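Note sheet for the following structure.
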Amino acid sequence: MTDARLLGDDEAAFIAAARSDDAAQFALITERYRRELQVHCYRMLANYDDAQDMTQETFLRVWNKRESFKGHAALRTWLYRIATNACLDFLDKRNDRIPVPAELPGGGSEVRYLQPYPDRMLPEDPQESVVARETIELAFVVAVQHLPPRQRAVFILRDVLGWPASKAAGALELTVASVTSALQRARVTMREQLPDRRLDWRSPATHELSDDERGVVKAYMNAHERNDLGRLAALLRDDLRFAMLPEPGTLTVTAEDAVDGWVSGGLFQHGHDDWRCTATTVNRMPAAVLYLRTPDDPEYRLFAIAVLHIVDGKIAELTGFDAADKPWLGLPATF
């Protein structure tokens, strides 16, 4: 992401709107950046609700600081700078927005505030670096949360958005040497946090699901609807990483243990055995939306969304989220 020519169309229009206090024109200009700024805030915070709030906070700050923009940098750069610092201010005030130790042995640490990001809210005509699949997937977003906030900001600006060190340093009011050092430390942490099988986040981006992924999702939904526990187990890798957020207990388990845990928790038992499923995508990942019909209800109600990371035809990571309390996912309440 590089600066546009100085005082381009957006920059000139923004300055004119700022000087005339034209709120309508100001909103028209800045609104086109909303989706990419919200993705940026999401990477910083791993939480869709927080990202929405900080994007709105960004626009409030932009309006309040509108007269300070002189067009010496691209408007996009200035907006990202304000959004980044809004997120840093938020993190400075919230001690509940850090990974916590897992309650089960060997579980590492958990990001219980993690929320999925609906693909329908991604920029419609994105720059590749903004929403590359490798940098919006859940495992990547979780790994980023293990970085200290300012190191996190450096990493996202430099390695995700591709900013040069001098530009990132200016946005964060750091020296180039500090930015370079922070990036080196961040890369080490990211390599430690991301499973070996994950793609290199700096490799060419992909967006589309593979036929293999689509096939596994279909098989997973069919097994769920049929309460076919053997088939479900067969779709899972033996080193499955499973979480049902925001509940504690992210862990690596065998396929058999995972299914046994679901059953002991009440799934696939009477009252929780009448399912309908549909496929979707979040975080540019395949997902199954689960609808449950209880004995006293004529309709299938939105229950959960299972986000899947599929490797060599099997589910390597399964992250479940309660879907009923997330209207921004845009899922029908009933099936």
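Identifiers in this document derive from the order of the structure tokens: chains are assigned A, B, ..., residues are numbered from 1 separately in each chain, and ligands are numbered from 1 in order of occurrence.
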>> Could you go through stretch 57-219 of chain A and tell me which residues DSSP, when run on the backbone, assigns to alpha helix (DSSP H), listing them as a PyMOL selection string?
In response: chain A and resi 57-64+75-93+138-145+149-155+165-172+176-193+211-219
Please build the interface table for stretch 50-142 of chain A against stretch 321-327 of chain A with a cut-off of 12 Å, listing for each qualifying residue the nearest atom pair and the distance in Å to one decimal; count only C-alpha atoms, order rows by chain and increasing number, and write it as CSV.
```
residue,atom,partner,partner_atom,distance
A:Arg112,CA,A:Phe321,CA,10.5
A:Tyr113,CA,A:Phe321,CA,10.8
A:Leu114,CA,A:Phe321,CA,9.2
A:Gln115,CA,A:Phe321,CA,7.6
A:Pro116,CA,A:Phe321,CA,7.8
A:Tyr117,CA,A:Lys326,CA,10.4
A:Pro118,CA,A:Lys326,CA,10.2
```
> Between A:Ile156, A:Ala18, A:Val263, A:Val253, which one has atoms that come closest to A:Val39, using only C-alpha atoms?
Replying inline: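 Checking each of A:Ile156, A:Ala18, A:Val263, A:Val253 against A:Val39, counting only C-alpha atoms, the winner is A:Ile156.
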> So which one's closest to A:Arg187, A:Thr254, A:Ala169, A:Phe155, A:Thr175? Using only C-alpha atoms, please.
Replying inline: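 Answer, going by the shortest atom-to-atom distance: A:Phe155.
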> Which parts of stretch 80-124 of chain A does DSSP call strand (DSSP E or B) when run on the backbone here, written out as an NGL selection string?
Replying inline: :A and (100-101 or 109-110 or 118)
>> Which residues are close to A:Thr180, i.e. within 12 Å by only C-alpha atoms, leaving aside same-chain residues fewer than 2 positions away? Reply as a list in words.
In response: Gln151, Val154, Phe155, Leu157, Arg158, Asp159, Trp163, Pro164, Ala165, Ser166, Lys167, Ala168, Ala169, Leu174, Thr175, Val176, Ala177, Ser178, Ala182, Leu183, Gln184, Arg185, Ala186 and Arg187 of chain A
Filtering to C-alpha atoms, could you give me those residues as a compact mmCIF listing (two decimals), in the first residue's frame?
```txt
# COMPACT_ATOMS: atom_id res chain seq x y z
CA GLN A 151 4.33 -4.54 18.18
CA VAL A 154 3.94 -2.49 13.55
CA PHE A 155 3.49 -6.03 12.27
CA LEU A 157 1.27 -2.07 9.02
CA ARG A 158 4.53 -3.54 7.75
CA ASP A 159 3.85 -7.19 6.92
CA TRP A 163 3.99 -0.12 4.50
CA PRO A 164 7.66 0.90 4.43
CA ALA A 165 9.35 1.28 7.80
CA SER A 166 9.44 5.08 7.58
CA LYS A 167 5.71 5.28 6.95
CA ALA A 168 4.87 2.93 9.83
CA ALA A 169 7.22 4.86 12.10
CA LEU A 174 8.37 5.77 16.55
CA THR A 175 11.85 5.72 15.09
CA VAL A 176 12.59 3.58 12.06
CA ALA A 177 15.02 1.57 14.19
CA SER A 178 12.26 0.89 16.75
CA ALA A 182 9.57 -4.53 16.76
CA LEU A 183 8.88 -6.20 13.41
CA GLN A 184 11.70 -8.70 13.90
CA ARG A 185 10.36 -9.68 17.33
CA ALA A 186 6.81 -9.88 15.99
CA ARG A 187 7.81 -12.25 13.19
```
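One finds atom CA of A:Leu236 at 4.7 Å from atom CA of A:Ile315.
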> Between A:Val100, A:Val216, A:Met44, A:Ala139, which has the minimum distance to A:Arg152 (counting only C-alpha atoms)?
Replying inline: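 Checking each of A:Val100, A:Val216, A:Met44, A:Ala139 against A:Arg152, counting only C-alpha atoms, the winner is A:Met44.
Between A:Val282 and the residues A:Ser20, A:Thr294, A:Thr319, A:Gln38, the shortest atom-to-atom distance, using only C-alpha atoms, involves A:Thr319.
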>> Report, in Å with one decimal, the straight-line distance from atom CA of A:Val179 to atom CA of A:His40.
In response: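 If I compute the distance from atom CA of A:Val179 to atom CA of A:His40, I get 18.4 Å.
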>> As an exercise, work out the distance from atom CA of A:Asp22 to atom CA of A:Trp63 in Å and give it to one decimal place.
In response: 10.5 Å
>> Nearest residue to A:Pro246 out of A:Gly320, A:Gln145, A:Thr135, A:Tyr33, using only C-alpha atoms?
In response: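 Using only C-alpha atoms, the shortest distance to A:Pro246 belongs to A:Gly320.
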>> At a cut-off of 9 Å, using only C-alpha atoms, what residues contact A:Glu256? Leave out same-chain residues fewer than 2 positions from it and give the result as a PyMOL selection string.
In response: chain A and resi 230+233-234+236+238+253-254+258-261
>> Taking only C-alpha atoms into account, name the residue in A:Asn283, A:Asn64, A:Ser210, A:Ser264 that is nearest to A:Tyr48.
In response: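 Checking each of A:Asn283, A:Asn64, A:Ser210, A:Ser264 against A:Tyr48, counting only C-alpha atoms, the winner is A:Asn283.
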